[in-house]
Amino acid sequence: MGENCSVWQGVTIGRNPKPGVVIDKATIGNNVNICANAVIIGGINIGNNVTIGAGSIVLKDVPDDVNVAGNPARVISHHAHDILTMK
């Protein structure tokens, strides 16, 4: 986990062990905000300046400077600091 990250209540950052996979833990960048009850599973990369919306299920890599939300999580905005501009 990088610097200046916020993790709200009820967040799960879990492993998804698979045969033959040595590293299956998530890598989380700097300035990441993980909202309440979000779930991050497996050896994925969360970029810098990312907001993960409440209740989201993240199963794939997330690029820098975006907001993601949903189940499964998808990019909803390229303005990482304004989760209210869901487009």
# chains A, B, ... in the order shown; residues from 1 in each chain; ligands from 1
call {"tool": "residues_around", "arguments": {"residues": "Asn33 of chain A", "least_positions_apart": "6", "cutoff": "9 Å", "atoms": "only C-alpha atoms", "output": "list of chain:residue names"}}
result
A:Asn4, A:Cys5, A:Ser6, A:Val7, A:Trp8, A:Asn49, A:Val50, A:Thr51, A:Ile52, A:Gly53
call {"tool": "residues_around", "arguments": {"residues": "Asn16 of chain A", "least_positions_apart": "3", "cutoff": "8 Å", "atoms": "only C-alpha atoms", "output": "list in words"}}
result
Asp24, Lys25, Ile41, Gly42 and Gly43 of chain A
call {"tool": "residues_around", "arguments": {"residues": "Thr27 of chain A", "least_positions_apart": "4", "cutoff": "12 Å", "atoms": "only C-alpha atoms", "output": "list in words"}}
result
Met1, Gly2, Ile13, Gly14, Arg15, Ile23, Val32, Ile40, Ile41, Gly42, Gly43, Ile44, Asn45, Ile46, Gly47, Asn48, Lys60, Asp61, Val62 and Pro63 of chain A
call {"tool": "write_last_selection", "arguments": {"atoms": "C-alpha atoms", "output": "PDB file, in the first residue's frame"}}
result
ATOM      1  CA  MET A   1       0.000   0.000   0.000  1.00  0.00           C
ATOM      2  CA  GLY A   2       1.317   3.386  -0.984  1.00  0.00           C
ATOM      3  CA  ILE A  13      -8.398  -6.829   0.638  1.00  0.00           C
ATOM      4  CA  GLY A  14      -8.130 -10.535   0.015  1.00  0.00           C
ATOM      5  CA  ARG A  15      -6.123 -13.193  -1.705  1.00  0.00           C
ATOM      6  CA  ILE A  23       2.085 -13.612  -5.486  1.00  0.00           C
ATOM      7  CA  VAL A  32      -5.958   5.805  -3.019  1.00  0.00           C
ATOM      8  CA  ILE A  40     -10.333  -6.079  -3.669  1.00  0.00           C
ATOM      9  CA  ILE A  41      -9.428  -9.663  -4.544  1.00  0.00           C
ATOM     10  CA  GLY A  42      -6.285 -11.220  -5.983  1.00  0.00           C
ATOM     11  CA  GLY A  43      -2.927 -10.107  -7.331  1.00  0.00           C
ATOM     12  CA  ILE A  44      -4.115  -6.943  -9.019  1.00  0.00           C
ATOM     13  CA  ASN A  45      -2.627  -3.462  -9.237  1.00  0.00           C
ATOM     14  CA  ILE A  46      -4.516  -0.374  -8.089  1.00  0.00           C
ATOM     15  CA  GLY A  47      -2.966   2.758  -9.616  1.00  0.00           C
ATOM     16  CA  ASN A  48      -2.207   6.124  -8.034  1.00  0.00           C
ATOM     17  CA  LYS A  60      -8.981  -6.463 -12.354  1.00  0.00           C
ATOM     18  CA  ASP A  61      -6.180  -3.882 -12.497  1.00  0.00           C
ATOM     19  CA  VAL A  62      -7.201  -0.230 -12.074  1.00  0.00           C
ATOM     20  CA  PRO A  63      -5.229   2.485 -13.944  1.00  0.00           C
TER      21      PRO A  63
END
call {"tool": "atom_distance", "arguments": {"atom1": "atom CA of Gly10 of chain A", "atom2": "atom CA of Asn30 of chain A"}}
result
20.4 Å
call {"tool": "residues_around", "arguments": {"residues": "Ser56 of chain A", "least_positions_apart": "2", "cutoff": "10 Å", "atoms": "only C-alpha atoms", "output": "list in words"}}
result
Val11, Ile34, Cys35, Ala36, Asn37, Ala38, Val39, Ile40, Ile52, Gly53, Ala54, Val58, Leu59, Val68, Ala69, Gly70, Asn71, Pro72, Ala73 and Arg74 of chain A
call {"tool": "atom_distance", "arguments": {"atom1": "atom CA of Glu3 of chain A", "atom2": "atom CA of Asn31 of chain A"}}
result
6.3 Å
call {"tool": "closest_residue", "arguments": {"among": "A:Pro17, A:Gly55, A:Ala26, A:Asp64", "to": "Ser77 of chain A", "atoms": "only C-alpha atoms"}}
result
A:Asp64
